[in-house]
Amino acid sequence: MDHAADAHRTDLMTVTRYVLNEQSRHPEARGDFTILLSHIVLGCKFVCTAVNKAGLAKLIGLAGETNVQGEEQKKLDVLSNEVFVKALVSSGRTCILVSEEDEEATFVDPRLRGKYCVVFDPLDGSSNIDCGVSIGTIFGVYMVDKDLDSISLDDVLQPGKNMLAAGYCMYGSSCTLVISTGYGVNGFTLDPSLGEFILTHPDIKIPKKGKIYSVNEGNAKNWDRPTAKFVEKCKFPTDGSSPKSLRYIGSMVADVHRTLLYGGIFLYPADKKSPNGKLRVLYEVFPMSFLMEQAGGQAFTGKERALDLVPTKIHQRSPIFLGSYDDVEEIKALYAAEQK
Ligand code: AFP
């Protein structure tokens, strides 16, 4: 009998246990982050269940349909937002929330305030829901270190390098939660029978160089020169290497998850029509860049390290190139050459 394997199966590292272990790095910590994370995890489990049922919408009336009782059902992205906002507020550990779904930031009632600001996209890639493609929730966490009565929007308009933690949950063939609290990246898979996220991908490291590039090539006619040159090199390498494969799902969580595990580069560049690209700084670019750096990769905006960018608006956009260290190095060199 393989006792080592048996021990592995019976000694389950749940995400809560993992974060409690991490807490020991901070002797002054009182478990506030663990409580916050357990509320984020609850939101992820709820959305996972709702997404899994979405295919039955026509049958039982979910997500924008009218159900058999004749009640109008909420669209999944609206529902997901409500679930996360309520879970985060009720944690008693948050003071400012920025959601992709809400035009304005939410300032939590002073009686329920805690020291964390959470920026999140409750259901990213929602245009993929109806065809059952993987979608996800993305989040980033900042901490304020001041009197909670004097908080302002500036407390969330901070560079990504000031984030305390970031992560995403992917609702795909399995439900996977990938998080970093600044000490590497770990992936947990939801065991539906236990209702717990179990550590399945410890200490994720992105390969130094990848064989895949991921971009919406439909925008190619509007790209700038460095982006066009980079993609041309992916297809027609001049150094004797093999061409890279193109993979593009159009759902950032899924495209970034594959990039993190298999290596390569994900890009949503600026183009003539969208000079700031499409993706949002606070709850798409920053959390994914944080994870990439923690996994040994890089993230670049075309001008600077992505995590150095200082946002001025909560829904600001930025071009982004992220992934394997060497692949991002190549695009950085092309932008540097363009400057000369
Ligand atoms: P939706 O939420 O509208 O589906 O957008 C998804 C997304 O914000 C991100 O998840 C994708 O990486 C990106 O947009 C895809 O954009 P394109 O459709 O322009 O390629």
# chains A, B, ... in the order shown; residues from 1 in each chain; ligands from 1
call {"tool": "residues_near_ligand", "arguments": {"ligand": "ligand 1", "cutoff": "10 Å", "atoms": "only C-alpha atoms and all ligand atoms", "output": "ChimeraX atom specification"}}
result
/A:77,100,121-129,134-138,214-219,248-256,266-268,277-280,284
call {"tool": "write_last_selection", "arguments": {"atoms": "N, CA and C atoms", "output": "CSV table (one decimal), in the first residue's frame"}}
result
chain,number,residue,atom,x,y,z
A,77,ASP,N,-24.2,38.2,-14.4
A,77,ASP,CA,-23.2,39.2,-14.0
A,77,ASP,C,-23.7,40.1,-12.9
A,100,GLU,N,-16.4,46.1,-11.4
A,100,GLU,CA,-16.6,46.4,-12.8
A,100,GLU,C,-18.1,46.7,-13.1
A,121,ASP,N,-13.8,42.1,-10.6
A,121,ASP,CA,-14.7,42.0,-11.7
A,121,ASP,C,-15.5,40.7,-11.4
A,122,PRO,N,-16.7,40.8,-11.0
A,122,PRO,CA,-17.4,39.6,-10.5
A,122,PRO,C,-17.6,38.5,-11.5
A,123,LEU,N,-17.8,38.9,-12.8
A,123,LEU,CA,-17.9,37.8,-13.8
A,123,LEU,C,-17.3,38.3,-15.1
A,124,ASP,N,-16.0,38.1,-15.2
A,124,ASP,CA,-15.3,38.5,-16.4
A,124,ASP,C,-15.5,37.5,-17.5
A,125,GLY,N,-15.6,38.1,-18.7
A,125,GLY,CA,-15.8,37.2,-19.9
A,125,GLY,C,-17.3,36.8,-20.1
A,126,SER,N,-18.2,37.7,-19.5
A,126,SER,CA,-19.6,37.3,-19.5
A,126,SER,C,-20.2,37.1,-20.9
A,127,SER,N,-19.6,37.7,-21.9
A,127,SER,CA,-20.2,37.4,-23.2
A,127,SER,C,-20.0,36.0,-23.6
A,128,ASN,N,-19.2,35.2,-22.9
A,128,ASN,CA,-19.0,33.8,-23.2
A,128,ASN,C,-20.0,32.9,-22.5
A,129,ILE,N,-20.8,33.4,-21.6
A,129,ILE,CA,-21.7,32.6,-20.8
A,129,ILE,C,-22.6,31.7,-21.6
A,134,SER,N,-15.3,28.9,-20.4
A,134,SER,CA,-14.8,29.3,-19.1
A,134,SER,C,-14.9,30.8,-18.9
A,135,ILE,N,-15.3,31.2,-17.7
A,135,ILE,CA,-15.4,32.6,-17.3
A,135,ILE,C,-14.8,32.7,-15.9
A,136,GLY,N,-14.7,33.9,-15.4
A,136,GLY,CA,-14.1,33.9,-14.0
A,136,GLY,C,-14.4,35.2,-13.2
A,137,THR,N,-14.0,35.2,-12.0
A,137,THR,CA,-14.0,36.4,-11.1
A,137,THR,C,-12.5,36.8,-10.9
A,138,ILE,N,-12.3,38.1,-11.0
A,138,ILE,CA,-10.9,38.5,-10.7
A,138,ILE,C,-10.9,39.5,-9.5
A,214,SER,N,-1.3,34.7,-27.3
A,214,SER,CA,-2.7,34.8,-27.1
A,214,SER,C,-3.2,36.3,-27.3
A,215,VAL,N,-3.9,36.5,-28.4
A,215,VAL,CA,-4.3,37.9,-28.7
A,215,VAL,C,-5.5,37.9,-29.7
A,216,ASN,N,-6.3,38.9,-29.7
A,216,ASN,CA,-7.4,39.0,-30.6
A,216,ASN,C,-6.8,39.6,-31.9
A,217,GLU,N,-6.5,38.7,-32.9
A,217,GLU,CA,-5.8,39.1,-34.1
A,217,GLU,C,-6.8,39.9,-35.0
A,218,GLY,N,-8.0,39.8,-34.7
A,218,GLY,CA,-9.0,40.6,-35.5
A,218,GLY,C,-8.7,42.1,-35.5
A,219,ASN,N,-8.0,42.5,-34.4
A,219,ASN,CA,-7.7,44.0,-34.3
A,219,ASN,C,-6.4,44.3,-35.0
A,248,TYR,N,-6.6,31.7,-28.3
A,248,TYR,CA,-7.4,32.9,-27.8
A,248,TYR,C,-8.8,32.5,-27.5
A,249,ILE,N,-9.1,32.6,-26.2
A,249,ILE,CA,-10.5,32.2,-25.8
A,249,ILE,C,-11.4,33.5,-25.7
A,250,GLY,N,-10.8,34.6,-25.4
A,250,GLY,CA,-11.6,35.8,-25.3
A,250,GLY,C,-12.2,36.0,-23.9
A,251,SER,N,-11.6,35.2,-23.0
A,251,SER,CA,-12.1,35.3,-21.6
A,251,SER,C,-10.8,35.4,-20.8
A,252,MET,N,-10.5,36.6,-20.2
A,252,MET,CA,-9.2,36.8,-19.7
A,252,MET,C,-8.7,35.8,-18.7
A,253,VAL,N,-9.6,35.4,-17.8
A,253,VAL,CA,-9.3,34.4,-16.8
A,253,VAL,C,-8.8,33.1,-17.4
A,254,ALA,N,-9.5,32.7,-18.4
A,254,ALA,CA,-9.1,31.4,-19.0
A,254,ALA,C,-7.8,31.6,-19.8
A,255,ASP,N,-7.7,32.7,-20.5
A,255,ASP,CA,-6.4,32.9,-21.3
A,255,ASP,C,-5.2,33.1,-20.4
A,256,VAL,N,-5.4,33.8,-19.3
A,256,VAL,CA,-4.3,34.0,-18.3
A,256,VAL,C,-4.0,32.7,-17.6
A,266,PHE,N,0.2,36.6,-23.1
A,266,PHE,CA,-1.2,37.1,-23.4
A,266,PHE,C,-1.1,38.6,-23.6
A,267,LEU,N,-1.7,39.1,-24.7
A,267,LEU,CA,-1.6,40.5,-25.0
A,267,LEU,C,-2.9,41.1,-25.3
A,268,TYR,N,-3.3,42.2,-24.7
A,268,TYR,CA,-4.4,43.1,-25.2
A,268,TYR,C,-3.8,44.5,-25.4
A,277,GLY,N,-6.2,50.4,-25.0
A,277,GLY,CA,-6.5,49.0,-25.0
A,277,GLY,C,-8.0,48.8,-24.5
A,278,LYS,N,-8.3,47.6,-24.0
A,278,LYS,CA,-9.7,47.3,-23.6
A,278,LYS,C,-9.7,47.0,-22.1
A,279,LEU,N,-8.7,46.4,-21.5
A,279,LEU,CA,-8.8,45.8,-20.2
A,279,LEU,C,-8.6,46.9,-19.1
A,280,ARG,N,-9.3,46.6,-18.0
A,280,ARG,CA,-9.4,47.6,-16.9
A,280,ARG,C,-8.2,47.4,-16.0
A,284,GLU,N,-8.5,44.0,-13.7
A,284,GLU,CA,-8.1,43.0,-14.7
A,284,GLU,C,-6.5,43.0,-14.8
call {"tool": "residues_around", "arguments": {"residues": "Val41 of chain A", "least_positions_apart": "4", "cutoff": "9 Å", "atoms": "only C-alpha atoms", "output": "number ranges by chain"}}
result
A: 15, 36-37, 45-46, 169, 177, 197
call {"tool": "residues_around", "arguments": {"residues": "segment 151-167 of chain A", "least_positions_apart": "3", "cutoff": "8 Å", "atoms": "only C-alpha atoms", "output": "PyMOL selection string"}}
result
chain A and resi 95-96+105+117+119+138-144+146-148+177-182+282+286-288+290-291+306-314
call {"tool": "select_by_dssp", "arguments": {"residues": "segment 124-188 of chain A", "states": "strand (DSSP E)", "output": "list in words"}}
result
Asp124, Ile135, Gly136, Thr137, Ile138, Phe139, Gly140, Val141, Tyr142, Met143, Ala165, Ala166, Gly167, Tyr168, Cys169, Met170, Tyr171, Cys175, Thr176, Leu177, Val178, Ile179, Ser180, Asn186, Gly187 and Phe188 of chain A
call {"tool": "residues_around", "arguments": {"residues": "Lys205 of chain A", "least_positions_apart": "6", "cutoff": "9 Å", "atoms": "only C-alpha atoms", "output": "ChimeraX atom specification"}}
result
/A:184-185,260-261,292,294-297
call {"tool": "select_by_dssp", "arguments": {"residues": "segment 24-269 of chain A", "states": "helix (DSSP H, G or I)", "output": "VMD selection string"}}
result
chain A and resid 32 to 60 76 to 90 110 to 112 126 to 131 148 to 150 153 to 155 160 to 162 217 to 222 225 to 235 252 to 262
call {"tool": "residues_around", "arguments": {"residues": "Lys211 of chain A", "least_positions_apart": "3", "cutoff": "9 Å", "atoms": "only C-alpha atoms", "output": "ChimeraX atom specification"}}
result
/A:234,242-246,262-265
call {"tool": "write_last_selection", "arguments": {"atoms": "all heavy atoms", "output": "PDB file, in the first residue's frame"}}
result
ATOM      1  N   CYS A 234       6.228  35.916 -33.771  1.00  0.00           N
ATOM      2  CA  CYS A 234       5.641  34.693 -33.201  1.00  0.00           C
ATOM      3  C   CYS A 234       5.338  33.702 -34.331  1.00  0.00           C
ATOM      4  O   CYS A 234       5.505  32.491 -34.187  1.00  0.00           O
ATOM      5  CB  CYS A 234       4.330  34.999 -32.475  1.00  0.00           C
ATOM      6  SG  CYS A 234       4.542  35.883 -30.933  1.00  0.00           S
ATOM      7  N   SER A 242      10.846  27.377 -33.638  1.00  0.00           N
ATOM      8  CA  SER A 242       9.560  27.043 -34.272  1.00  0.00           C
ATOM      9  C   SER A 242       8.555  28.161 -34.033  1.00  0.00           C
ATOM     10  O   SER A 242       8.630  28.850 -33.011  1.00  0.00           O
ATOM     11  CB  SER A 242       8.976  25.777 -33.643  1.00  0.00           C
ATOM     12  OG  SER A 242       9.891  24.733 -33.759  1.00  0.00           O
ATOM     13  N   PRO A 243       7.614  28.322 -34.952  1.00  0.00           N
ATOM     14  CA  PRO A 243       6.570  29.337 -34.725  1.00  0.00           C
ATOM     15  C   PRO A 243       5.780  29.004 -33.462  1.00  0.00           C
ATOM     16  O   PRO A 243       5.659  27.841 -33.086  1.00  0.00           O
ATOM     17  CB  PRO A 243       5.675  29.210 -35.969  1.00  0.00           C
ATOM     18  CG  PRO A 243       6.461  28.447 -36.968  1.00  0.00           C
ATOM     19  CD  PRO A 243       7.442  27.612 -36.225  1.00  0.00           C
ATOM     20  N   LYS A 244       5.247  30.045 -32.819  1.00  0.00           N
ATOM     21  CA  LYS A 244       4.403  29.801 -31.641  1.00  0.00           C
ATOM     22  C   LYS A 244       3.004  29.432 -32.102  1.00  0.00           C
ATOM     23  O   LYS A 244       2.590  29.766 -33.217  1.00  0.00           O
ATOM     24  CB  LYS A 244       4.315  31.074 -30.794  1.00  0.00           C
ATOM     25  CG  LYS A 244       5.614  31.475 -30.094  1.00  0.00           C
ATOM     26  CD  LYS A 244       5.318  32.600 -29.103  1.00  0.00           C
ATOM     27  CE  LYS A 244       6.559  33.293 -28.575  1.00  0.00           C
ATOM     28  NZ  LYS A 244       7.495  32.472 -27.839  1.00  0.00           N
ATOM     29  N   SER A 245       2.256  28.761 -31.224  1.00  0.00           N
ATOM     30  CA  SER A 245       0.844  28.474 -31.498  1.00  0.00           C
ATOM     31  C   SER A 245      -0.007  29.631 -31.006  1.00  0.00           C
ATOM     32  O   SER A 245       0.325  30.259 -29.997  1.00  0.00           O
ATOM     33  CB  SER A 245       0.397  27.221 -30.739  1.00  0.00           C
ATOM     34  OG  SER A 245       1.071  26.100 -31.232  1.00  0.00           O
ATOM     35  N   LEU A 246      -1.106  29.865 -31.696  1.00  0.00           N
ATOM     36  CA  LEU A 246      -2.060  30.897 -31.263  1.00  0.00           C
ATOM     37  C   LEU A 246      -3.209  30.233 -30.519  1.00  0.00           C
ATOM     38  O   LEU A 246      -3.791  29.249 -31.005  1.00  0.00           O
ATOM     39  CB  LEU A 246      -2.613  31.636 -32.486  1.00  0.00           C
ATOM     40  CG  LEU A 246      -3.824  32.547 -32.229  1.00  0.00           C
ATOM     41  CD1 LEU A 246      -3.464  33.707 -31.312  1.00  0.00           C
ATOM     42  CD2 LEU A 246      -4.373  33.085 -33.545  1.00  0.00           C
ATOM     43  N   TYR A 262       1.035  26.949 -18.802  1.00  0.00           N
ATOM     44  CA  TYR A 262       1.794  26.422 -19.945  1.00  0.00           C
ATOM     45  C   TYR A 262       2.904  27.362 -20.426  1.00  0.00           C
ATOM     46  O   TYR A 262       3.737  26.966 -21.229  1.00  0.00           O
ATOM     47  CB  TYR A 262       0.865  26.163 -21.142  1.00  0.00           C
ATOM     48  CG  TYR A 262      -0.184  25.088 -20.940  1.00  0.00           C
ATOM     49  CD1 TYR A 262      -1.154  24.881 -21.917  1.00  0.00           C
ATOM     50  CD2 TYR A 262      -0.211  24.289 -19.803  1.00  0.00           C
ATOM     51  CE1 TYR A 262      -2.126  23.898 -21.763  1.00  0.00           C
ATOM     52  CE2 TYR A 262      -1.183  23.326 -19.637  1.00  0.00           C
ATOM     53  CZ  TYR A 262      -2.143  23.123 -20.614  1.00  0.00           C
ATOM     54  OH  TYR A 262      -3.101  22.174 -20.460  1.00  0.00           O
ATOM     55  N   GLY A 263       2.839  28.630 -20.000  1.00  0.00           N
ATOM     56  CA  GLY A 263       3.807  29.609 -20.484  1.00  0.00           C
ATOM     57  C   GLY A 263       3.337  30.260 -21.765  1.00  0.00           C
ATOM     58  O   GLY A 263       2.329  29.858 -22.359  1.00  0.00           O
ATOM     59  N   GLY A 264       4.073  31.322 -22.170  1.00  0.00           N
ATOM     60  CA  GLY A 264       3.695  32.063 -23.361  1.00  0.00           C
ATOM     61  C   GLY A 264       3.313  33.477 -22.980  1.00  0.00           C
ATOM     62  O   GLY A 264       3.654  33.963 -21.894  1.00  0.00           O
ATOM     63  N   ILE A 265       2.577  34.129 -23.868  1.00  0.00           N
ATOM     64  CA  ILE A 265       2.252  35.532 -23.625  1.00  0.00           C
ATOM     65  C   ILE A 265       0.798  35.806 -23.971  1.00  0.00           C
ATOM     66  O   ILE A 265       0.263  35.263 -24.941  1.00  0.00           O
ATOM     67  CB  ILE A 265       3.227  36.461 -24.412  1.00  0.00           C
ATOM     68  CG1 ILE A 265       3.005  37.930 -24.051  1.00  0.00           C
ATOM     69  CG2 ILE A 265       3.138  36.237 -25.910  1.00  0.00           C
ATOM     70  CD1 ILE A 265       4.153  38.840 -24.482  1.00  0.00           C
TER      71      ILE A 265
END
call {"tool": "residues_around", "arguments": {"residues": "Asp32 of chain A", "least_positions_apart": "2", "cutoff": "10 Å", "atoms": "only C-alpha atoms", "output": "PDB file with N, CA and C atoms, in the first residue's frame"}}
result
ATOM      1  N   GLN A  23      -0.591  33.245   7.541  1.00  0.00           N
ATOM      2  CA  GLN A  23      -0.741  34.291   8.560  1.00  0.00           C
ATOM      3  C   GLN A  23       0.421  34.276   9.560  1.00  0.00           C
ATOM      4  N   ALA A  29      -0.744  39.692  12.852  1.00  0.00           N
ATOM      5  CA  ALA A  29      -2.040  39.496  12.179  1.00  0.00           C
ATOM      6  C   ALA A  29      -3.064  38.893  13.138  1.00  0.00           C
ATOM      7  N   ARG A  30      -4.312  39.333  12.966  1.00  0.00           N
ATOM      8  CA  ARG A  30      -5.397  38.872  13.845  1.00  0.00           C
ATOM      9  C   ARG A  30      -6.444  38.062  13.084  1.00  0.00           C
ATOM     10  N   THR A  34      -7.881  36.372   6.641  1.00  0.00           N
ATOM     11  CA  THR A  34      -8.481  35.035   6.504  1.00  0.00           C
ATOM     12  C   THR A  34     -10.010  35.171   6.439  1.00  0.00           C
ATOM     13  N   ILE A  35     -10.541  36.056   7.271  1.00  0.00           N
ATOM     14  CA  ILE A  35     -12.002  36.266   7.261  1.00  0.00           C
ATOM     15  C   ILE A  35     -12.431  36.865   5.920  1.00  0.00           C
ATOM     16  N   LEU A  36     -11.676  37.875   5.457  1.00  0.00           N
ATOM     17  CA  LEU A  36     -11.999  38.484   4.159  1.00  0.00           C
ATOM     18  C   LEU A  36     -11.983  37.420   3.067  1.00  0.00           C
ATOM     19  N   LEU A  37     -10.920  36.614   3.059  1.00  0.00           N
ATOM     20  CA  LEU A  37     -10.795  35.611   2.004  1.00  0.00           C
ATOM     21  C   LEU A  37     -11.931  34.590   2.063  1.00  0.00           C
ATOM     22  N   SER A  38     -12.359  34.242   3.271  1.00  0.00           N
ATOM     23  CA  SER A  38     -13.442  33.242   3.350  1.00  0.00           C
ATOM     24  C   SER A  38     -14.730  33.816   2.753  1.00  0.00           C
ATOM     25  N   SER A  91     -18.468  40.901   5.559  1.00  0.00           N
ATOM     26  CA  SER A  91     -17.257  40.390   6.216  1.00  0.00           C
ATOM     27  C   SER A  91     -16.820  41.326   7.343  1.00  0.00           C
ATOM     28  N   GLY A  92     -17.249  42.602   7.251  1.00  0.00           N
ATOM     29  CA  GLY A  92     -16.831  43.580   8.261  1.00  0.00           C
ATOM     30  C   GLY A  92     -15.357  43.926   8.141  1.00  0.00           C
ATOM     31  N   ARG A  93     -14.741  43.564   7.030  1.00  0.00           N
ATOM     32  CA  ARG A  93     -13.293  43.777   6.878  1.00  0.00           C
ATOM     33  C   ARG A  93     -12.970  44.707   5.712  1.00  0.00           C
ATOM     34  N   THR A  94     -13.988  45.279   5.073  1.00  0.00           N
ATOM     35  CA  THR A  94     -13.724  46.111   3.897  1.00  0.00           C
ATOM     36  C   THR A  94     -14.194  47.554   4.132  1.00  0.00           C
ATOM     37  N   GLY A 114     -13.794  47.801   7.630  1.00  0.00           N
ATOM     38  CA  GLY A 114     -12.527  47.172   8.015  1.00  0.00           C
ATOM     39  C   GLY A 114     -11.436  47.784   7.150  1.00  0.00           C
ATOM     40  N   LYS A 115     -10.224  47.262   7.256  1.00  0.00           N
ATOM     41  CA  LYS A 115      -9.083  47.970   6.652  1.00  0.00           C
ATOM     42  C   LYS A 115      -8.799  47.619   5.184  1.00  0.00           C
ATOM     43  N   TYR A 116      -9.583  46.740   4.582  1.00  0.00           N
ATOM     44  CA  TYR A 116      -9.249  46.312   3.214  1.00  0.00           C
ATOM     45  C   TYR A 116     -10.122  46.973   2.140  1.00  0.00           C
TER      46      TYR A 116
END
call {"tool": "closest_residue", "arguments": {"among": "A:Tyr168, A:Phe107, A:Ser324, A:Asp191", "to": "Asp149 of chain A", "atoms": "only C-alpha atoms"}}
result
A:Phe107
